[in-house]
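Next up, input_27.cif (mmCIF, C-alpha atoms and all ligand atoms):
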```cif
data_target
#
loop_
_atom_site.label_atom_id
_atom_site.label_comp_id
_atom_site.auth_asym_id
_atom_site.auth_seq_id
_atom_site.Cartn_x
_atom_site.Cartn_y
_atom_site.Cartn_z
CA MET A 8 -0.67 -20.96 -8.69
CA LYS A 9 -1.07 -22.13 -12.30
CA LYS A 10 -1.63 -19.95 -15.36
CA ALA A 11 -5.29 -21.01 -15.46
CA SER A 12 -5.95 -20.76 -11.69
CA ARG A 13 -8.91 -18.64 -10.63
CA ILE A 14 -7.30 -15.63 -8.91
CA PHE A 15 -9.23 -12.96 -7.03
CA VAL A 16 -7.48 -9.61 -6.68
CA ALA A 17 -9.53 -7.77 -4.05
CA GLY A 18 -9.20 -4.02 -4.55
CA HIS A 19 -8.10 -4.10 -8.20
CA ARG A 20 -9.00 -0.46 -8.77
CA GLY A 21 -6.62 0.76 -6.08
CA LEU A 22 -2.91 1.54 -6.33
CA VAL A 23 -1.80 -1.93 -5.15
CA GLY A 24 -4.59 -4.04 -6.63
CA SER A 25 -4.26 -2.49 -10.09
CA ALA A 26 -0.49 -3.12 -10.08
CA LEU A 27 -1.14 -6.73 -9.00
CA ALA A 28 -3.64 -7.29 -11.79
CA ARG A 29 -1.16 -5.84 -14.34
CA GLU A 30 1.67 -8.03 -13.04
CA LEU A 31 -0.43 -11.21 -13.05
CA GLN A 32 -1.66 -10.52 -16.58
CA ARG A 33 1.88 -9.74 -17.75
CA ARG A 34 2.99 -13.12 -16.40
CA GLY A 35 0.22 -14.96 -18.24
CA PHE A 36 -2.25 -15.59 -15.42
CA SER A 37 -5.36 -15.33 -17.54
CA ASN A 38 -8.14 -16.17 -15.14
CA LEU A 39 -8.39 -13.11 -12.92
CA ILE A 40 -11.61 -12.63 -11.02
CA LEU A 41 -12.26 -8.96 -10.43
CA THR A 42 -15.21 -7.21 -8.88
CA THR A 43 -15.90 -3.54 -8.25
CA ARG A 44 -17.10 -1.97 -5.02
CA GLU A 45 -20.49 -1.35 -6.66
CA GLU A 46 -20.81 -5.07 -7.52
CA THR A 47 -19.44 -6.46 -4.23
CA ASP A 48 -19.23 -4.33 -1.10
CA LEU A 49 -16.42 -6.08 0.79
CA THR A 50 -17.58 -4.55 4.09
CA SER A 51 -20.83 -6.56 3.72
CA ARG A 52 -20.62 -10.18 4.84
CA ASP A 53 -23.55 -11.25 2.67
CA ALA A 54 -22.05 -9.69 -0.44
CA VAL A 55 -18.67 -11.32 0.21
CA ASP A 56 -20.18 -14.78 0.84
CA HIS A 57 -22.24 -14.51 -2.31
CA PHE A 58 -19.15 -13.53 -4.29
CA PHE A 59 -17.03 -16.46 -3.02
CA GLN A 60 -19.87 -18.97 -3.44
CA SER A 61 -20.59 -17.95 -7.01
CA LYS A 62 -17.05 -17.21 -8.32
CA ARG A 63 -15.10 -19.89 -6.40
CA PRO A 64 -11.64 -18.29 -6.52
CA GLU A 65 -8.67 -20.55 -5.72
CA TYR A 66 -6.16 -17.82 -4.81
CA VAL A 67 -6.82 -14.46 -3.18
CA PHE A 68 -4.69 -11.31 -3.03
CA LEU A 69 -6.30 -9.14 -0.34
CA ALA A 70 -5.31 -5.64 -1.46
CA ALA A 71 -8.65 -3.98 -0.71
CA ALA A 72 -8.45 -1.46 2.12
CA LYS A 73 -9.50 2.00 3.15
CA VAL A 74 -6.24 3.93 2.86
CA GLY A 75 -5.12 7.52 3.18
CA GLY A 76 -2.34 9.85 4.22
CA ILE A 77 -1.57 11.37 7.58
CA LEU A 78 -4.45 13.89 7.52
CA ALA A 79 -7.21 11.50 6.41
CA ASN A 80 -6.11 8.96 9.03
CA SER A 81 -6.32 11.43 11.87
CA ARG A 82 -9.62 12.94 10.68
CA TYR A 83 -11.56 9.72 10.09
CA PRO A 84 -10.36 7.20 12.69
CA ALA A 85 -13.70 5.39 12.92
CA ASP A 86 -13.95 4.88 9.15
CA PHE A 87 -10.38 3.58 8.94
CA ILE A 88 -10.72 1.02 11.72
CA ARG A 89 -14.28 -0.09 10.85
CA ASP A 90 -13.90 -0.55 7.09
CA ASN A 91 -10.55 -2.31 7.30
CA LEU A 92 -11.62 -4.71 10.06
CA ALA A 93 -14.81 -5.53 8.16
CA ILE A 94 -13.03 -6.17 4.84
CA GLU A 95 -10.40 -8.40 6.46
CA LEU A 96 -12.81 -10.48 8.52
CA ASN A 97 -15.27 -10.94 5.67
CA VAL A 98 -12.71 -11.82 3.01
CA ILE A 99 -10.42 -14.05 5.11
CA ASP A 100 -13.23 -16.01 6.75
CA SER A 101 -15.25 -16.40 3.56
CA ALA A 102 -12.13 -17.44 1.61
CA TRP A 103 -11.44 -20.18 4.14
CA GLN A 104 -15.11 -21.29 4.28
CA ASN A 105 -15.22 -21.51 0.50
CA GLY A 106 -12.12 -23.62 -0.01
CA VAL A 107 -9.60 -21.02 -1.21
CA LYS A 108 -6.16 -22.69 -1.57
CA LYS A 109 -4.08 -19.72 -0.50
CA LEU A 110 -4.63 -16.11 0.54
CA GLU A 111 -2.11 -13.28 0.64
CA PHE A 112 -2.89 -10.34 2.92
CA LEU A 113 -1.27 -6.95 2.34
CA GLY A 114 -0.48 -4.92 5.45
CA SER A 115 1.65 -1.85 5.99
CA SER A 116 4.82 -0.65 7.69
CA CYS A 117 2.71 1.36 10.15
CA ILE A 118 1.93 -1.86 12.08
CA TYR A 119 5.30 -1.50 13.81
CA PRO A 120 5.72 0.44 17.07
CA ARG A 121 6.49 4.12 16.60
CA LEU A 122 9.87 3.84 18.26
CA ALA A 123 10.86 0.31 17.22
CA PRO A 124 14.56 -0.17 16.37
CA GLN A 125 15.39 0.78 12.76
CA PRO A 126 15.48 -0.79 10.28
CA LEU A 127 12.18 -2.40 11.28
CA LYS A 128 12.39 -6.14 11.67
CA GLU A 129 9.39 -8.45 11.49
CA GLU A 130 10.04 -9.43 15.14
CA SER A 131 9.19 -5.88 16.31
CA LEU A 132 5.47 -6.43 15.77
CA LEU A 133 3.53 -5.80 19.01
CA THR A 134 6.55 -4.77 21.06
CA GLY A 135 5.47 -1.16 21.75
CA SER A 136 2.98 1.68 21.22
CA LEU A 137 1.89 2.71 17.74
CA GLU A 138 2.21 6.07 15.98
CA PRO A 139 -0.97 7.95 17.07
CA THR A 140 -1.71 9.56 13.67
CA ASN A 141 -2.52 6.20 12.09
CA GLU A 142 -3.02 3.76 14.93
CA TRP A 143 -6.60 2.99 13.87
CA TYR A 144 -5.48 1.78 10.49
CA ALA A 145 -2.50 0.00 12.05
CA ILE A 146 -4.66 -1.87 14.59
CA ALA A 147 -6.92 -3.07 11.78
CA LYS A 148 -3.90 -4.26 9.78
CA ILE A 149 -2.48 -6.05 12.85
CA ALA A 150 -5.87 -7.77 13.25
CA GLY A 151 -5.59 -8.93 9.60
CA ILE A 152 -2.17 -10.48 10.30
CA LYS A 153 -3.54 -12.23 13.37
CA LEU A 154 -6.56 -13.52 11.44
CA CYS A 155 -4.21 -15.10 8.90
CA GLN A 156 -2.07 -16.67 11.62
CA ALA A 157 -5.06 -17.91 13.64
CA TYR A 158 -6.76 -19.51 10.62
CA ARG A 159 -3.48 -21.23 9.76
CA ILE A 160 -3.12 -22.63 13.31
CA GLN A 161 -6.73 -23.69 13.82
CA HIS A 162 -7.82 -24.59 10.28
CA GLY A 163 -4.58 -25.18 8.36
CA PHE A 164 -5.56 -22.32 6.02
CA ASN A 165 -2.59 -21.20 3.90
CA ALA A 166 -2.72 -17.45 4.55
CA ILE A 167 0.43 -15.31 4.36
CA SER A 168 0.99 -11.63 5.21
CA LEU A 169 3.22 -9.06 3.51
CA MET A 170 4.17 -5.68 4.97
CA PRO A 171 5.07 -3.19 2.25
CA THR A 172 6.84 0.05 3.03
CA ASN A 173 5.36 3.37 1.72
CA LEU A 174 4.16 2.76 -1.83
CA TYR A 175 3.73 5.04 -4.82
CA GLY A 176 3.28 4.76 -8.57
CA PRO A 177 0.76 4.93 -11.41
CA GLY A 178 -2.82 4.97 -10.16
CA ASP A 179 -1.87 6.82 -6.98
CA ASN A 180 -4.21 9.22 -5.18
CA PHE A 181 -3.29 12.84 -5.95
CA ASP A 182 -5.99 14.48 -3.84
CA LEU A 183 -4.14 16.84 -1.49
CA GLN A 184 -6.44 16.21 1.47
CA SER A 185 -6.22 12.42 1.48
CA SER A 186 -3.02 11.49 -0.40
CA HIS A 187 0.36 10.34 0.83
CA VAL A 188 3.39 12.60 0.61
CA LEU A 189 4.93 11.52 -2.70
CA PRO A 190 1.89 12.02 -4.95
CA ALA A 191 0.98 15.17 -2.96
CA LEU A 192 4.37 16.72 -3.69
CA ILE A 193 4.23 15.75 -7.38
CA ARG A 194 0.96 17.62 -7.64
CA LYS A 195 2.07 20.60 -5.56
CA PHE A 196 5.30 21.12 -7.51
CA HIS A 197 3.59 20.57 -10.85
CA GLU A 198 0.94 23.17 -10.07
CA ALA A 199 3.47 25.61 -8.61
CA GLN A 200 5.60 25.30 -11.73
CA ALA A 201 2.61 25.67 -14.08
CA GLU A 202 1.29 28.70 -12.21
CA GLY A 203 4.69 30.31 -11.54
CA LEU A 204 4.29 30.22 -7.73
CA ARG A 205 7.27 31.45 -5.72
CA SER A 206 7.00 28.88 -2.93
CA VAL A 207 5.53 25.49 -2.12
CA ALA A 208 4.41 24.43 1.37
CA VAL A 209 5.60 21.02 2.49
CA TRP A 210 3.92 19.69 5.64
CA GLY A 211 5.85 19.13 8.84
CA THR A 212 9.50 19.89 9.52
CA GLY A 213 10.94 18.00 6.55
CA THR A 214 13.08 15.88 8.89
CA PRO A 215 11.08 12.61 9.05
CA LEU A 216 12.64 9.75 7.12
CA ARG A 217 10.60 7.61 4.75
CA GLU A 218 11.34 4.71 2.42
CA PHE A 219 9.46 4.44 -0.91
CA LEU A 220 8.75 1.36 -3.00
CA HIS A 221 7.33 1.51 -6.51
CA VAL A 222 4.03 -0.37 -6.63
CA ASP A 223 5.16 -2.43 -9.66
CA ASP A 224 8.03 -3.74 -7.53
CA LEU A 225 5.57 -4.56 -4.76
CA ALA A 226 3.39 -6.47 -7.24
CA SER A 227 6.39 -8.46 -8.38
CA ALA A 228 7.28 -9.34 -4.75
CA ALA A 229 3.66 -10.24 -3.98
CA VAL A 230 3.44 -12.72 -6.86
CA PHE A 231 6.88 -14.10 -5.94
CA LEU A 232 5.72 -14.76 -2.36
CA MET A 233 2.42 -16.27 -3.49
CA GLN A 234 4.52 -18.78 -5.46
CA ASN A 235 7.33 -19.34 -2.95
CA TYR A 236 6.32 -18.65 0.65
CA ASP A 237 4.01 -20.66 2.95
CA GLU A 238 4.88 -19.60 6.51
CA PRO A 239 2.92 -17.83 9.28
CA GLU A 240 5.51 -15.08 9.86
CA ILE A 241 4.98 -11.72 8.19
CA VAL A 242 7.45 -10.59 5.48
CA ASN A 243 8.63 -7.00 5.01
CA ILE A 244 8.82 -5.59 1.50
CA GLY A 245 11.10 -2.63 1.05
CA VAL A 246 14.12 -1.25 -0.73
CA GLY A 247 16.45 -0.89 2.29
CA GLU A 248 17.08 2.88 1.93
CA ASP A 249 15.24 5.98 3.10
CA LEU A 250 15.50 9.76 2.73
CA THR A 251 14.17 12.82 4.54
CA ILE A 252 10.95 14.45 3.41
CA ALA A 253 13.08 17.55 2.63
CA ASP A 254 15.28 15.50 0.27
CA LEU A 255 12.23 13.90 -1.30
CA ALA A 256 10.83 17.40 -1.92
CA LEU A 257 14.10 18.54 -3.53
CA THR A 258 14.21 15.44 -5.75
CA ILE A 259 10.62 15.89 -6.94
CA ALA A 260 11.13 19.63 -7.51
CA ARG A 261 14.23 18.90 -9.62
CA ILE A 262 12.47 16.22 -11.71
CA ILE A 263 9.51 18.51 -12.36
CA GLY A 264 11.75 21.51 -12.99
CA TYR A 265 10.44 23.74 -10.20
CA SER A 266 13.02 26.23 -8.97
CA GLY A 267 11.04 28.28 -6.44
CA LYS A 268 11.27 28.08 -2.66
CA ILE A 269 10.31 25.13 -0.48
CA GLU A 270 8.74 26.11 2.84
CA PHE A 271 8.10 23.75 5.71
CA ASP A 272 4.79 24.09 7.55
CA ALA A 273 5.56 22.85 11.05
CA SER A 274 1.93 23.31 12.10
CA LYS A 275 1.20 20.07 10.17
CA PRO A 276 2.11 16.72 11.78
CA ASP A 277 5.40 14.93 11.08
CA GLY A 278 4.07 11.51 11.98
CA THR A 279 6.52 8.82 12.93
CA PRO A 280 10.17 10.00 12.81
CA ARG A 281 11.40 7.09 10.70
CA LYS A 282 10.10 3.83 9.26
CA LEU A 283 12.73 2.02 7.29
CA MET A 284 12.03 -1.66 6.68
CA ASP A 285 14.54 -4.43 7.19
CA ALA A 286 13.89 -6.50 4.07
CA SER A 287 16.59 -9.10 4.73
CA ARG A 288 14.07 -11.96 5.08
CA LEU A 289 12.76 -11.23 1.58
CA HIS A 290 16.24 -10.66 0.16
CA ALA A 291 17.37 -14.03 1.57
CA MET A 292 14.59 -15.66 -0.47
CA GLY A 293 16.11 -14.12 -3.62
CA TRP A 294 13.84 -11.15 -4.40
CA HIS A 295 15.15 -7.57 -4.84
CA HIS A 296 13.44 -4.43 -6.13
CA SER A 297 14.41 -3.07 -9.53
CA ILE A 298 12.93 0.45 -9.90
CA SER A 299 15.02 3.31 -8.49
CA LEU A 300 13.27 6.21 -6.73
CA GLU A 301 14.38 8.65 -9.44
CA GLN A 302 13.08 6.45 -12.25
CA GLY A 303 9.87 5.71 -10.32
CA ILE A 304 9.12 9.40 -9.66
CA ARG A 305 9.66 10.17 -13.36
CA THR A 306 7.21 7.50 -14.55
CA THR A 307 4.70 8.40 -11.85
CA TYR A 308 4.89 12.05 -12.94
CA GLU A 309 4.28 10.97 -16.56
CA TRP A 310 1.27 8.96 -15.40
CA PHE A 311 0.00 11.96 -13.43
CA LEU A 312 0.29 14.23 -16.49
CA ALA A 313 -1.54 11.77 -18.72
CA ASN A 314 -4.21 10.52 -16.33
CA CYS A 315 -4.92 12.71 -13.37
CA GLU A 316 -8.34 14.33 -13.43
CA CYS A 317 -6.86 17.37 -11.70
CA VAL A 318 -4.46 17.97 -14.64
CA ARG A 319 -7.26 17.51 -17.17
CA ALA A 320 -9.51 19.87 -15.22
CA VAL A 321 -6.90 22.64 -15.49
CA ALA A 322 -6.06 21.91 -19.15
CA ASN A 323 -9.71 21.99 -20.33
P1 LIG B 1 2.94 8.56 6.79
O1 LIG B 1 4.14 7.96 6.11
O2 LIG B 1 1.98 7.55 7.33
O3 LIG B 1 3.35 9.56 7.85
O4 LIG B 1 2.06 9.33 5.71
P2 LIG B 1 2.26 10.51 4.64
O5 LIG B 1 2.81 9.99 3.38
O6 LIG B 1 0.91 11.20 4.57
O7 LIG B 1 3.29 11.55 5.29
C1 LIG B 1 4.65 11.31 5.34
C2 LIG B 1 5.39 12.58 5.78
O8 LIG B 1 5.35 13.54 4.71
C3 LIG B 1 4.83 13.27 7.01
O9 LIG B 1 5.93 13.75 7.78
C4 LIG B 1 4.07 14.45 6.41
O10 LIG B 1 3.94 15.56 7.29
C5 LIG B 1 4.98 14.81 5.24
N1 LIG B 1 4.37 15.62 4.19
C6 LIG B 1 4.91 16.76 3.66
N2 LIG B 1 4.09 17.31 2.77
C7 LIG B 1 3.00 16.49 2.67
C8 LIG B 1 1.82 16.55 1.90
O11 LIG B 1 1.58 17.46 1.11
N3 LIG B 1 0.94 15.50 2.06
C9 LIG B 1 1.18 14.48 2.93
N4 LIG B 1 0.29 13.48 3.01
N5 LIG B 1 2.29 14.43 3.69
C10 LIG B 1 3.19 15.42 3.57
#
```
Any chance you could put this one into structure tokens?
Ligand code: GDP
Amino acid sequence: MKKASRIFVAGHRGLVGSALARELQRRGFSNLILTTREETDLTSRDAVDHFFQSKRPEYVFLAAAKVGGILANSRYPADFIRDNLAIELNVIDSAWQNGVKKLEFLGSSCIYPRLAPQPLKEESLLTGSLEPTNEWYAIAKIAGIKLCQAYRIQHGFNAISLMPTNLYGPGDNFDLQSSHVLPALIRKFHEAQAEGLRSVAVWGTGTPLREFLHVDDLASAAVFLMQNYDEPEIVNIGVGEDLTIADLALTIARIIGYSGKIEFDASKPDGTPRKLMDASRLHAMGWHHSISLEQGIRTTYEWFLANCECVRAVAN
């Protein structure tokens, strides 16, 4: 990828895509091709073909996806599997048909079996049953990996796949019905502190373990792999450490300055008990993350205070 290459970041308004666009611009890649959902509906084959034929990107980061937390995934299984399969098939096939030099597909740690040995190694893919709360999304992401591998085998298309652990950071979704745990807890503790509430409800038992990667670190790894990796095997992207949801809640409460009670609502699902990534393949290539969880939560909270519509709505 050269500084003047035509680079398409699919999903540039999302958490991952926006971080990718920032990272590419920061590194001097000046020819980004971006398109909004209103301009190009990636679930429509005609729209995607028209986009590739007219814009002729050379490199593609496929970060567009329908995403959501544990509740949204279990409520809208059809939407999650349909939209993600459609986006992947349209973008990967059209990229190949239109002469793209290399495509990078972004997956998720939920592709691994629910009870796979921890930390999760790339080899665990398709060795057991998935976590039921997000299997629809996971199946679509597994199909994306297989599309990349199949197009490489049959057509020699240079498509690689990355599996990031749970991500967070500026641009995250803070809607309590559809968000992931980290932004949800930032919002809950912020509002509880502002309104003087005596307790905050955290979903589940607090015992599940999760690993969190700042999205700017993911963007750095994604550009690194676009430049340095050309193999069919998937690559995990993680930090190598996890913590319980209870500890995450305590950390966020401390950073925000909330000193009330934390209550666990066991009527809400825990999801998979643990999903720590084994990132040794990536580490062996020479890439390591640089943003600590503490530092990342602080900057994400600052972003939330400055940008979240929900904060503005209360302030106005
Ligand atoms: P997951 O990693 O795919 O399970 O997705 P989430 O980030 O949505 O949830 C991770 C864990 O955090 C689960 O055990 C949830 O029950 C728990 N959790 C605790 N409070 C919340 C909350 O307010 N929102 C969400 N999304 N999860 C929460």
Could you pull out the residues sitting within 8 Å of ligand LIG 1 (chain B), using only C-alpha atoms and all ligand atoms, and write them as an MDAnalysis selection string?
chainID A and resid 75:78 117 140:141 173 183:192 195 208:217 252 271 275:280 282
Separation of atom CA of Ile259 of chain A from atom CA of Arg205 of chain A in Å:
16.0 Å
Which residue is closest to Arg89 of chain A? Choose from A:Ala256, A:Ile241, A:Ala147, A:Met292 and count only C-alpha atoms.
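Comparing A:Ala256, A:Ile241, A:Ala147, A:Met292 against Arg89 of chain A, the winner is A:Ala147.
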What separation in Å, quoted to one decimal, exists between atom CA of Lys109 of chain A and atom CA of Arg44 of chain A?
22.5 Å
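Among the candidate residues A:Ile262, A:Ala253, A:Leu113, A:Ile94, the one lying nearest to Leu169 of chain A is A:Leu113, with distances computed using all atoms listed in the file.
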Would you list the residues near (-7.8, -11.6, -7.4), meaning any protein, DNA or RNA residue with an atom at most 12 Å from that point in file coordinates, counting all atoms listed in the file, as a PDB file with C-alpha atoms, in the coordinates of the input?
```pdb
ATOM      1  CA  MET A   8      -0.670 -20.960  -8.690  1.00  0.00           C
ATOM      2  CA  SER A  12      -5.950 -20.760 -11.690  1.00  0.00           C
ATOM      3  CA  ARG A  13      -8.910 -18.640 -10.630  1.00  0.00           C
ATOM      4  CA  ILE A  14      -7.300 -15.630  -8.910  1.00  0.00           C
ATOM      5  CA  PHE A  15      -9.230 -12.960  -7.030  1.00  0.00           C
ATOM      6  CA  VAL A  16      -7.480  -9.610  -6.680  1.00  0.00           C
ATOM      7  CA  ALA A  17      -9.530  -7.770  -4.050  1.00  0.00           C
ATOM      8  CA  GLY A  18      -9.200  -4.020  -4.550  1.00  0.00           C
ATOM      9  CA  HIS A  19      -8.100  -4.100  -8.200  1.00  0.00           C
ATOM     10  CA  ARG A  20      -9.000  -0.460  -8.770  1.00  0.00           C
ATOM     11  CA  VAL A  23      -1.800  -1.930  -5.150  1.00  0.00           C
ATOM     12  CA  GLY A  24      -4.590  -4.040  -6.630  1.00  0.00           C
ATOM     13  CA  SER A  25      -4.260  -2.490 -10.090  1.00  0.00           C
ATOM     14  CA  ALA A  26      -0.490  -3.120 -10.080  1.00  0.00           C
ATOM     15  CA  LEU A  27      -1.140  -6.730  -9.000  1.00  0.00           C
ATOM     16  CA  ALA A  28      -3.640  -7.290 -11.790  1.00  0.00           C
ATOM     17  CA  ARG A  29      -1.160  -5.840 -14.340  1.00  0.00           C
ATOM     18  CA  GLU A  30       1.670  -8.030 -13.040  1.00  0.00           C
ATOM     19  CA  LEU A  31      -0.430 -11.210 -13.050  1.00  0.00           C
ATOM     20  CA  GLN A  32      -1.660 -10.520 -16.580  1.00  0.00           C
ATOM     21  CA  PHE A  36      -2.250 -15.590 -15.420  1.00  0.00           C
ATOM     22  CA  SER A  37      -5.360 -15.330 -17.540  1.00  0.00           C
ATOM     23  CA  ASN A  38      -8.140 -16.170 -15.140  1.00  0.00           C
ATOM     24  CA  LEU A  39      -8.390 -13.110 -12.920  1.00  0.00           C
ATOM     25  CA  ILE A  40     -11.610 -12.630 -11.020  1.00  0.00           C
ATOM     26  CA  LEU A  41     -12.260  -8.960 -10.430  1.00  0.00           C
ATOM     27  CA  THR A  42     -15.210  -7.210  -8.880  1.00  0.00           C
ATOM     28  CA  THR A  43     -15.900  -3.540  -8.250  1.00  0.00           C
ATOM     29  CA  PHE A  58     -19.150 -13.530  -4.290  1.00  0.00           C
ATOM     30  CA  PHE A  59     -17.030 -16.460  -3.020  1.00  0.00           C
ATOM     31  CA  LYS A  62     -17.050 -17.210  -8.320  1.00  0.00           C
ATOM     32  CA  ARG A  63     -15.100 -19.890  -6.400  1.00  0.00           C
ATOM     33  CA  PRO A  64     -11.640 -18.290  -6.520  1.00  0.00           C
ATOM     34  CA  GLU A  65      -8.670 -20.550  -5.720  1.00  0.00           C
ATOM     35  CA  TYR A  66      -6.160 -17.820  -4.810  1.00  0.00           C
ATOM     36  CA  VAL A  67      -6.820 -14.460  -3.180  1.00  0.00           C
ATOM     37  CA  PHE A  68      -4.690 -11.310  -3.030  1.00  0.00           C
ATOM     38  CA  LEU A  69      -6.300  -9.140  -0.340  1.00  0.00           C
ATOM     39  CA  ALA A  70      -5.310  -5.640  -1.460  1.00  0.00           C
ATOM     40  CA  ALA A  71      -8.650  -3.980  -0.710  1.00  0.00           C
ATOM     41  CA  VAL A  98     -12.710 -11.820   3.010  1.00  0.00           C
ATOM     42  CA  ALA A 102     -12.130 -17.440   1.610  1.00  0.00           C
ATOM     43  CA  VAL A 107      -9.600 -21.020  -1.210  1.00  0.00           C
ATOM     44  CA  LYS A 109      -4.080 -19.720  -0.500  1.00  0.00           C
ATOM     45  CA  LEU A 110      -4.630 -16.110   0.540  1.00  0.00           C
ATOM     46  CA  GLU A 111      -2.110 -13.280   0.640  1.00  0.00           C
ATOM     47  CA  PHE A 112      -2.890 -10.340   2.920  1.00  0.00           C
ATOM     48  CA  VAL A 230       3.440 -12.720  -6.860  1.00  0.00           C
ATOM     49  CA  MET A 233       2.420 -16.270  -3.490  1.00  0.00           C
TER      50      MET A 233
END
```
